[in-house]
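Quick look at upload20.cif (mmCIF, C-alpha atoms):
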data_coords
#
loop_
_atom_site.label_atom_id
_atom_site.label_comp_id
_atom_site.auth_asym_id
_atom_site.auth_seq_id
_atom_site.Cartn_x
_atom_site.Cartn_y
_atom_site.Cartn_z
CA MET V 1 27.80 -130.37 -131.52
CA GLN V 2 30.50 -132.91 -132.35
CA LYS V 3 34.21 -132.76 -131.76
CA GLU V 4 37.42 -134.68 -132.42
CA ARG V 5 40.84 -134.21 -130.94
CA GLY V 6 44.25 -134.86 -132.42
CA ASN V 7 47.58 -133.10 -132.85
CA CYS V 8 46.37 -130.38 -130.38
CA LEU V 9 43.86 -129.30 -133.00
CA GLN V 10 40.19 -129.65 -132.16
CA SER V 11 37.66 -130.31 -134.90
CA ALA V 12 34.09 -129.32 -134.05
CA SER V 13 30.83 -129.12 -135.98
CA HIS V 14 27.64 -127.34 -135.03
CA SER V 15 24.28 -127.54 -136.81
CA LEU V 16 21.16 -125.43 -136.44
CA ARG V 17 18.18 -124.22 -138.42
CA LEU V 18 17.96 -120.49 -138.97
CA MET V 19 16.91 -118.08 -141.72
CA GLY V 20 14.87 -120.87 -143.29
CA ALA V 21 18.02 -122.91 -143.85
CA SER V 22 19.87 -125.86 -142.37
CA ILE V 23 23.22 -124.48 -141.24
CA THR V 24 26.36 -126.45 -140.44
CA LEU V 25 29.63 -124.93 -139.25
CA THR V 26 32.81 -127.00 -139.11
CA ILE V 27 36.12 -125.59 -137.89
CA PHE V 28 39.55 -126.81 -136.78
CA HIS V 29 40.93 -124.84 -133.83
CA LYS V 30 42.10 -125.43 -130.26
CA ASN V 31 39.05 -123.48 -128.99
CA ALA V 32 36.67 -124.76 -131.67
CA GLN V 33 33.59 -125.26 -129.49
CA GLU V 34 33.75 -121.80 -127.95
CA LEU V 35 34.18 -120.19 -131.37
CA LEU V 36 31.20 -122.10 -132.74
CA LEU V 37 28.99 -120.82 -129.92
CA GLN V 38 30.12 -117.27 -130.68
CA SER V 39 29.44 -117.92 -134.38
CA GLU V 40 25.86 -118.96 -133.59
CA GLN V 41 25.36 -115.70 -131.69
CA LEU V 42 26.59 -113.81 -134.75
CA LEU V 43 24.17 -115.73 -136.97
CA HIS V 44 21.24 -114.65 -134.79
CA LEU V 45 22.48 -111.06 -134.86
CA TYR V 46 22.68 -111.07 -138.66
CA LYS V 47 19.27 -112.70 -139.00
CA ASN V 48 17.80 -109.83 -136.99
CA ARG V 49 19.67 -107.35 -139.18
CA PHE V 50 18.87 -108.63 -142.67
CA SER V 51 15.60 -110.59 -142.48
CA ALA V 52 12.77 -109.50 -144.80
CA ASN V 53 10.31 -111.72 -142.93
CA ASP V 54 10.79 -110.76 -139.28
CA ALA V 55 8.63 -107.86 -138.13
CA ASP V 56 11.30 -106.61 -135.72
CA SER V 57 14.36 -106.88 -137.99
CA GLU V 58 16.55 -103.86 -138.81
CA LEU V 59 15.67 -104.26 -142.49
CA MET V 60 11.95 -104.27 -141.71
CA ALA V 61 12.37 -100.91 -139.97
CA ILE V 62 13.27 -99.48 -143.38
CA ASN V 63 10.39 -101.21 -145.18
CA LEU V 64 7.83 -100.00 -142.63
CA GLN V 65 8.84 -96.39 -143.31
CA ALA V 66 8.56 -96.66 -147.11
CA GLY V 67 7.26 -93.41 -148.56
CA LYS V 68 7.35 -91.78 -145.13
CA LYS V 69 10.87 -91.09 -143.93
CA SER V 70 14.49 -92.21 -144.12
CA VAL V 71 15.93 -94.64 -141.58
CA ARG V 72 19.43 -94.61 -140.15
CA VAL V 73 20.85 -98.13 -140.27
CA HIS V 74 23.82 -100.18 -139.09
CA PRO V 75 26.87 -99.76 -141.40
CA GLU V 76 26.71 -103.43 -142.44
CA LEU V 77 23.07 -103.13 -143.48
CA PHE V 78 23.84 -99.92 -145.37
CA GLU V 79 26.81 -101.62 -147.06
CA LEU V 80 24.74 -104.59 -148.23
CA ILE V 81 21.87 -102.42 -149.48
CA GLU V 82 24.35 -100.21 -151.34
CA LEU V 83 25.98 -103.27 -152.90
CA GLY V 84 22.60 -104.71 -153.80
CA LYS V 85 21.40 -101.49 -155.42
CA LYS V 86 24.62 -101.21 -157.45
CA HIS V 87 24.11 -104.66 -158.96
CA SER V 88 20.34 -104.19 -159.27
CA ILE V 89 20.72 -101.17 -161.55
CA ALA V 90 23.56 -102.68 -163.61
CA ALA V 91 22.78 -103.25 -167.29
CA ASN V 92 20.90 -106.49 -168.03
CA SER V 93 20.94 -107.54 -164.37
CA HIS V 94 18.25 -109.94 -163.15
CA LEU V 95 19.01 -109.03 -159.54
CA ASN V 96 16.59 -106.59 -157.93
CA ILE V 97 16.65 -105.99 -154.17
CA ALA V 98 13.48 -103.87 -154.50
CA ILE V 99 11.47 -106.92 -155.55
CA GLY V 100 10.21 -107.46 -152.00
CA PRO V 101 6.52 -106.68 -152.72
CA LEU V 102 6.40 -109.46 -155.31
CA VAL V 103 8.24 -111.97 -153.11
CA GLN V 104 5.92 -111.26 -150.18
CA THR V 105 2.81 -111.55 -152.34
CA TRP V 106 3.69 -114.81 -154.10
CA ARG V 107 5.22 -116.28 -150.89
CA ILE V 108 6.70 -119.23 -152.79
CA GLY V 109 8.49 -121.48 -150.33
CA PHE V 110 6.06 -120.61 -147.52
CA SER V 111 2.88 -122.43 -146.48
CA ASP V 112 0.69 -119.49 -147.56
CA ALA V 113 2.05 -119.27 -151.13
CA LYS V 114 -0.48 -118.19 -153.74
CA LEU V 115 -0.86 -117.13 -157.37
CA PRO V 116 -1.56 -113.37 -157.49
CA SER V 117 -3.90 -111.85 -160.07
CA LYS V 118 -2.47 -110.17 -163.17
CA GLU V 119 -3.81 -106.83 -161.92
CA GLU V 120 -2.10 -107.28 -158.55
CA ILE V 121 1.22 -108.08 -160.20
CA GLN V 122 1.02 -105.04 -162.47
CA THR V 123 0.34 -102.81 -159.47
CA LEU V 124 3.27 -104.26 -157.53
CA LEU V 125 5.69 -103.81 -160.45
CA GLN V 126 5.27 -100.04 -160.04
CA ILE V 127 6.92 -100.18 -156.60
CA THR V 128 9.85 -102.48 -157.43
CA ASN V 129 12.24 -100.03 -159.09
CA PRO V 130 15.68 -100.16 -157.35
CA GLU V 131 16.33 -96.59 -158.47
CA ASP V 132 13.70 -95.57 -155.90
CA ILE V 133 16.01 -96.69 -153.08
CA VAL V 134 17.63 -93.46 -151.88
CA LEU V 135 20.92 -93.75 -149.97
CA ASN V 136 22.47 -91.03 -147.82
CA HIS V 137 26.12 -92.02 -147.34
CA SER V 138 27.04 -89.29 -144.87
CA LYS V 139 24.16 -90.17 -142.52
CA GLN V 140 24.02 -93.91 -143.33
CA GLU V 141 20.31 -93.53 -144.04
CA VAL V 142 18.03 -95.43 -146.40
CA TYR V 143 14.78 -94.04 -147.83
CA LEU V 144 12.26 -95.93 -149.96
CA SER V 145 10.58 -93.21 -151.97
CA LYS V 146 7.25 -94.97 -152.67
CA VAL V 147 4.67 -96.28 -150.22
CA GLY V 148 4.57 -100.08 -150.24
CA MET V 149 8.17 -100.58 -151.33
CA ARG V 150 10.08 -103.40 -149.64
CA ILE V 151 13.75 -104.27 -149.86
CA ASP V 152 14.43 -108.02 -149.93
CA LEU V 153 18.06 -109.04 -149.42
CA GLY V 154 17.36 -112.76 -149.72
CA ALA V 155 19.49 -113.00 -152.86
CA LEU V 156 22.53 -111.58 -151.06
CA ALA V 157 22.29 -111.90 -147.30
CA LYS V 158 23.50 -115.47 -146.80
CA GLY V 159 26.62 -114.79 -148.84
CA TYR V 160 27.35 -111.57 -146.96
CA ILE V 161 26.76 -113.31 -143.61
CA ALA V 162 29.04 -116.21 -144.57
CA ASP V 163 31.82 -113.75 -145.46
CA LYS V 164 31.40 -111.91 -142.16
CA LEU V 165 31.44 -115.19 -140.24
CA LYS V 166 34.61 -116.29 -142.02
CA GLU V 167 36.20 -112.91 -141.28
CA PHE V 168 35.45 -113.40 -137.57
CA LEU V 169 36.79 -116.96 -137.49
CA VAL V 170 40.00 -116.09 -139.35
CA GLU V 171 40.58 -113.21 -136.92
CA GLN V 172 40.35 -115.79 -134.12
CA GLY V 173 43.07 -117.87 -135.75
CA VAL V 174 40.98 -120.46 -137.58
CA GLN V 175 42.94 -121.72 -140.59
CA SER V 176 40.63 -124.52 -141.73
CA GLY V 177 36.88 -124.87 -141.79
CA MET V 178 33.64 -124.88 -143.74
CA ILE V 179 30.58 -122.65 -143.44
CA ASN V 180 27.45 -124.17 -144.94
CA LEU V 181 24.45 -121.84 -144.87
CA GLY V 182 21.78 -124.02 -146.45
CA GLY V 183 23.94 -125.10 -149.39
CA ASN V 184 25.75 -121.78 -149.59
CA ILE V 185 29.33 -123.03 -149.05
CA LEU V 186 32.33 -120.99 -147.93
CA THR V 187 35.61 -122.66 -146.99
CA ILE V 188 38.54 -121.53 -144.87
CA GLY V 189 41.86 -122.87 -146.16
CA GLU V 190 41.99 -126.55 -147.12
CA ASN V 191 40.61 -129.73 -145.56
CA PRO V 192 43.26 -130.61 -142.95
CA THR V 193 41.94 -134.14 -142.41
CA TYR V 194 42.96 -135.15 -145.92
CA GLN V 195 45.44 -132.31 -146.57
CA ARG V 196 43.73 -131.40 -149.82
CA PRO V 197 41.15 -128.90 -151.17
CA TRP V 198 37.55 -129.22 -149.99
CA ARG V 199 35.33 -131.29 -152.27
CA ILE V 200 31.91 -129.80 -153.03
CA GLY V 201 29.17 -131.62 -154.94
CA ILE V 202 26.91 -129.90 -157.47
CA GLN V 203 23.33 -131.13 -157.02
CA ASN V 204 21.63 -133.00 -159.83
CA PRO V 205 18.41 -130.96 -160.18
CA ILE V 206 16.24 -133.94 -161.18
CA LEU V 207 17.41 -136.33 -158.45
CA ASP V 208 17.18 -136.42 -154.66
CA ARG V 209 19.36 -134.12 -152.54
CA GLY V 210 22.89 -135.46 -152.30
CA GLU V 211 22.88 -136.86 -155.84
CA HIS V 212 25.59 -134.91 -157.68
CA VAL V 213 26.33 -134.30 -161.34
CA ALA V 214 29.89 -133.29 -160.53
CA VAL V 215 32.27 -132.68 -157.63
CA ILE V 216 34.59 -129.68 -157.65
CA ALA V 217 37.65 -128.82 -155.55
CA ILE V 218 37.99 -125.45 -153.80
CA SER V 219 40.35 -123.91 -151.26
CA ASP V 220 39.57 -120.72 -149.35
CA ALA V 221 36.63 -120.01 -151.64
CA SER V 222 32.85 -120.15 -151.93
CA VAL V 223 30.36 -122.16 -153.99
CA VAL V 224 26.75 -121.01 -154.37
CA THR V 225 24.03 -122.57 -156.52
CA SER V 226 20.72 -121.03 -157.57
CA GLY V 227 18.10 -123.32 -159.06
CA ILE V 228 14.44 -123.36 -160.05
CA TYR V 229 13.95 -126.84 -158.55
CA GLU V 230 14.22 -125.92 -154.85
CA ARG V 231 11.05 -123.95 -154.03
CA GLN V 232 7.90 -124.28 -156.10
CA LEU V 233 4.17 -123.57 -156.15
CA VAL V 234 1.76 -125.72 -158.16
CA VAL V 235 -1.59 -124.19 -159.19
CA ASP V 236 -4.01 -125.96 -161.56
CA GLY V 237 -1.25 -128.28 -162.71
CA LYS V 238 1.20 -125.48 -163.52
CA THR V 239 4.45 -125.18 -161.58
CA TYR V 240 5.84 -121.79 -160.54
CA HIS V 241 9.38 -121.47 -159.17
CA HIS V 242 10.74 -118.77 -156.84
CA ILE V 243 13.12 -116.87 -159.16
CA PHE V 244 11.18 -113.91 -160.55
CA ASP V 245 11.47 -111.95 -163.76
CA ARG V 246 11.82 -108.36 -162.58
CA LYS V 247 10.07 -107.12 -165.74
CA THR V 248 6.98 -109.36 -165.73
CA GLY V 249 6.52 -110.10 -162.03
CA TYR V 250 6.18 -113.82 -162.79
CA PRO V 251 8.74 -116.62 -162.35
CA MET V 252 11.19 -116.22 -165.20
CA GLU V 253 11.11 -118.35 -168.32
CA THR V 254 14.57 -119.85 -168.68
CA GLU V 255 16.56 -122.72 -170.18
CA VAL V 256 18.70 -122.76 -167.05
CA VAL V 257 17.75 -125.11 -164.21
CA SER V 258 20.83 -124.56 -162.08
CA LEU V 259 23.63 -121.99 -161.98
CA THR V 260 26.63 -122.43 -159.71
CA ILE V 261 29.20 -119.69 -159.15
CA VAL V 262 32.63 -120.12 -157.54
CA ALA V 263 34.46 -117.09 -156.09
CA LYS V 264 36.61 -116.07 -153.14
CA LYS V 265 33.74 -114.17 -151.50
CA SER V 266 30.37 -115.79 -150.98
CA VAL V 267 28.46 -112.55 -151.58
CA ASP V 268 30.02 -112.35 -155.06
CA CYS V 269 28.69 -115.84 -155.77
CA GLU V 270 25.24 -114.72 -154.65
CA ILE V 271 25.35 -111.56 -156.75
CA TRP V 272 26.33 -113.30 -159.97
CA THR V 273 24.01 -116.30 -159.67
CA THR V 274 21.13 -113.82 -159.44
CA ARG V 275 22.41 -111.27 -161.94
CA LEU V 276 22.83 -113.90 -164.64
CA PHE V 277 20.07 -116.40 -163.90
CA GLY V 278 17.63 -116.31 -166.79
CA GLN V 279 20.17 -115.40 -169.44
CA ASN V 280 21.11 -117.71 -172.28
CA PRO V 281 23.50 -120.36 -170.85
CA TYR V 282 26.16 -119.59 -173.47
CA ASN V 283 26.01 -115.91 -172.54
CA ILE V 284 26.38 -116.79 -168.85
CA ILE V 285 29.58 -118.73 -169.50
CA GLU V 286 30.93 -115.97 -171.73
CA GLU V 287 30.16 -113.28 -169.14
CA ILE V 288 31.80 -115.19 -166.26
CA GLU V 289 34.90 -115.95 -168.33
CA GLN V 290 35.38 -112.17 -168.51
CA GLN V 291 35.00 -111.67 -164.75
CA PRO V 292 38.32 -112.09 -162.87
CA GLY V 293 38.17 -114.59 -160.02
CA LEU V 294 34.78 -116.07 -160.96
CA GLU V 295 33.88 -119.51 -162.33
CA ALA V 296 30.49 -120.93 -163.36
CA PHE V 297 28.77 -124.28 -163.85
CA VAL V 298 25.42 -124.31 -165.69
CA ILE V 299 22.84 -127.08 -166.04
CA THR V 300 20.05 -126.64 -168.59
CA LYS V 301 16.56 -128.12 -168.70
CA ASN V 302 17.72 -130.78 -171.15
CA GLN V 303 20.52 -131.72 -168.71
CA LYS V 304 23.29 -130.12 -170.74
CA MET V 305 26.22 -129.08 -168.55
CA MET V 306 28.46 -126.10 -169.36
CA TYR V 307 31.28 -124.64 -167.30
CA THR V 308 34.07 -122.08 -167.37
CA SER V 309 37.71 -122.93 -167.97
CA GLY V 310 38.86 -122.53 -164.35
CA ILE V 311 36.53 -125.04 -162.68
CA GLN V 312 38.59 -127.67 -160.84
CA PHE V 313 36.92 -131.10 -160.93
CA VAL V 314 37.75 -133.96 -158.58
#

Show how you would write the structure in this file as structure tokens.
Amino acid sequence: MQKERGNCLQSASHSLRLMGASITLTIFHKNAQELLLQSEQLLHLYKNRFSANDADSELMAINLQAGKKSVRVHPELFELIELGKKHSIAANSHLNIAIGPLVQTWRIGFSDAKLPSKEEIQTLLQITNPEDIVLNHSKQEVYLSKVGMRIDLGALAKGYIADKLKEFLVEQGVQSGMINLGGNILTIGENPTYQRPWRIGIQNPILDRGEHVAVIAISDASVVTSGIYERQLVVDGKTYHHIFDRKTGYPMETEVVSLTIVAKKSVDCEIWTTRLFGQNPYNIIEEIEQQPGLEAFVITKNQKMMYTSGIQFV
């Protein structure tokens, strides 16, 4: 943990590895160090609530009862599942929070990743329908109606957690800061050191990390990028990425290498990067232009860059 003092305002940064991501929190506040320690405790709490990989997580309690019985859950977990189902069943959405069986079978990004058989994939597709997630609002219960179903909130959880963390910090009086959950960026206010908006780089997908194709300016907003270059599996010379086609069960065929969304809430960035990834890049830009408060930056396989009218470049 690092800190700086000046003008009675303490700047502190704290880094850790959690949820498979390198996390860095930076805030400006007179009690910055104490708030960062409390923030780390919250991160551990949320990991235990939303993880699809931990056997003792609150989410896993639902998955273990698939086809057996409903499970009463914490209101935040219910809220995120409800939000995820809503966007999973939306027309033409590529998001699917019921895709857990496929994710856990391919395991791309983990040391035990493998290429499943065609027969295995076809069997798993039968238990990945988000309509089979049954929600009881009055009892805050979740029921997966088929044995073997698994909810995976990996496409949403980091954004939701970042928003909750920001909410906590703002309630404590933090007016400036940055939450970086493994490249999922959410800012509080502006950068007080330079008295200007935060500057966020967009990764060049064919170069080393830290090499940017563009730098954008944001204040009190989030930037999230999804890309097919981050996690991969190579089998017999063929490369498979980790973003799946919910219809085929295989990594999706797409012209898009990278999709960045800018929005006030980080969970909205997560939702729309996943909903739209795999669509024609022109359609992505057109769709985001129609969504109030959202901006997009697309990079294609031939390194063409496209972006919406409201993106603010540095």

Coordinates-based distance that separates CA of Ser222 in chain V from CA of Glu253 in chain V (Å, one decimal):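 CA of Ser222 in chain V lies 27.3 Å from CA of Glu253 in chain V.
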
Result set, the PyMOL selection byres ((chain V and resi 33) around 9) on current file, as a VMD selection string: chain V and resid 1 to 3 10 to 14 27 29 to 32 34 to 38

Here's the selection I'm unsure about, the PyMOL selection byres ((chain V and resi 177) around 8); applied to the file above, which residues does it give, as a list in words?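 Listing what the PyMOL selection byres ((chain V and resi 177) around 8) selects in the shown file: Leu25, Thr26, Ile27, Phe28, Val174, Gln175, Ser176, Met178, Ile179, Thr187, Ile188, Gly189, Glu190 and Asn191 of chain V.
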
Test item: the PyMOL selection byres ((chain V and resi 133-144) around 12) resolved as number ranges by chain: V: 58-86, 88-89, 96-100, 127-132, 145-152

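The spacing separating CA of Ile202 in chain V from CA of Leu259 in chain V amounts to 9.7 Å.
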
Would you compute the distance between CA of Ser266 in chain V and CA of Lys166 in chain V? Give it in Å to one decimal.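 Pair CA of Ser266 in chain V / CA of Lys166 in chain V returns 9.9 Å.
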
Could you tell me which of V:Tyr240, V:Phe297, V:Trp198, V:Tyr160 comes closest to Ser226 in chain V if we count all atoms listed in the file? V:Phe297

Who sits within 9 Å of Ala263 in chain V, only C-alpha atoms, same chain under 2 positions skipped, as a PyMOL selection string: chain V and resi 221-224+261+265-269+293-295

Could you turn the residues from that selection into a file that holds C-alpha atoms, as a CSV table (one decimal), in the frame of the given file?
chain,number,residue,atom,x,y,z
V,221,ALA,CA,36.6,-120.0,-151.6
V,222,SER,CA,32.8,-120.2,-151.9
V,223,VAL,CA,30.4,-122.2,-154.0
V,224,VAL,CA,26.8,-121.0,-154.4
V,261,ILE,CA,29.2,-119.7,-159.2
V,265,LYS,CA,33.7,-114.2,-151.5
V,266,SER,CA,30.4,-115.8,-151.0
V,267,VAL,CA,28.5,-112.6,-151.6
V,268,ASP,CA,30.0,-112.4,-155.1
V,269,CYS,CA,28.7,-115.8,-155.8
V,293,GLY,CA,38.2,-114.6,-160.0
V,294,LEU,CA,34.8,-116.1,-161.0
V,295,GLU,CA,33.9,-119.5,-162.3

Residues within 12 Å of (36.0, -115.0, -167.6), file coords, only C-alpha atoms, listed as a PDB file with C-alpha atoms, keeping the file's coordinate frame:
ATOM      1  CA  ILE V 261      29.200-119.690-159.150  1.00  0.00           C
ATOM      2  CA  VAL V 262      32.630-120.120-157.540  1.00  0.00           C
ATOM      3  CA  ALA V 263      34.460-117.090-156.090  1.00  0.00           C
ATOM      4  CA  ASN V 283      26.010-115.910-172.540  1.00  0.00           C
ATOM      5  CA  ILE V 284      26.380-116.790-168.850  1.00  0.00           C
ATOM      6  CA  ILE V 285      29.580-118.730-169.500  1.00  0.00           C
ATOM      7  CA  GLU V 286      30.930-115.970-171.730  1.00  0.00           C
ATOM      8  CA  GLU V 287      30.160-113.280-169.140  1.00  0.00           C
ATOM      9  CA  ILE V 288      31.800-115.190-166.260  1.00  0.00           C
ATOM     10  CA  GLU V 289      34.900-115.950-168.330  1.00  0.00           C
ATOM     11  CA  GLN V 290      35.380-112.170-168.510  1.00  0.00           C
ATOM     12  CA  GLN V 291      35.000-111.670-164.750  1.00  0.00           C
ATOM     13  CA  PRO V 292      38.320-112.090-162.870  1.00  0.00           C
ATOM     14  CA  GLY V 293      38.170-114.590-160.020  1.00  0.00           C
ATOM     15  CA  LEU V 294      34.780-116.070-160.960  1.00  0.00           C
ATOM     16  CA  GLU V 295      33.880-119.510-162.330  1.00  0.00           C
ATOM     17  CA  ALA V 296      30.490-120.930-163.360  1.00  0.00           C
ATOM     18  CA  TYR V 307      31.280-124.640-167.300  1.00  0.00           C
ATOM     19  CA  THR V 308      34.070-122.080-167.370  1.00  0.00           C
ATOM     20  CA  SER V 309      37.710-122.930-167.970  1.00  0.00           C
ATOM     21  CA  GLY V 310      38.860-122.530-164.350  1.00  0.00           C
ATOM     22  CA  ILE V 311      36.530-125.040-162.680  1.00  0.00           C
TER      23      ILE V 311
END
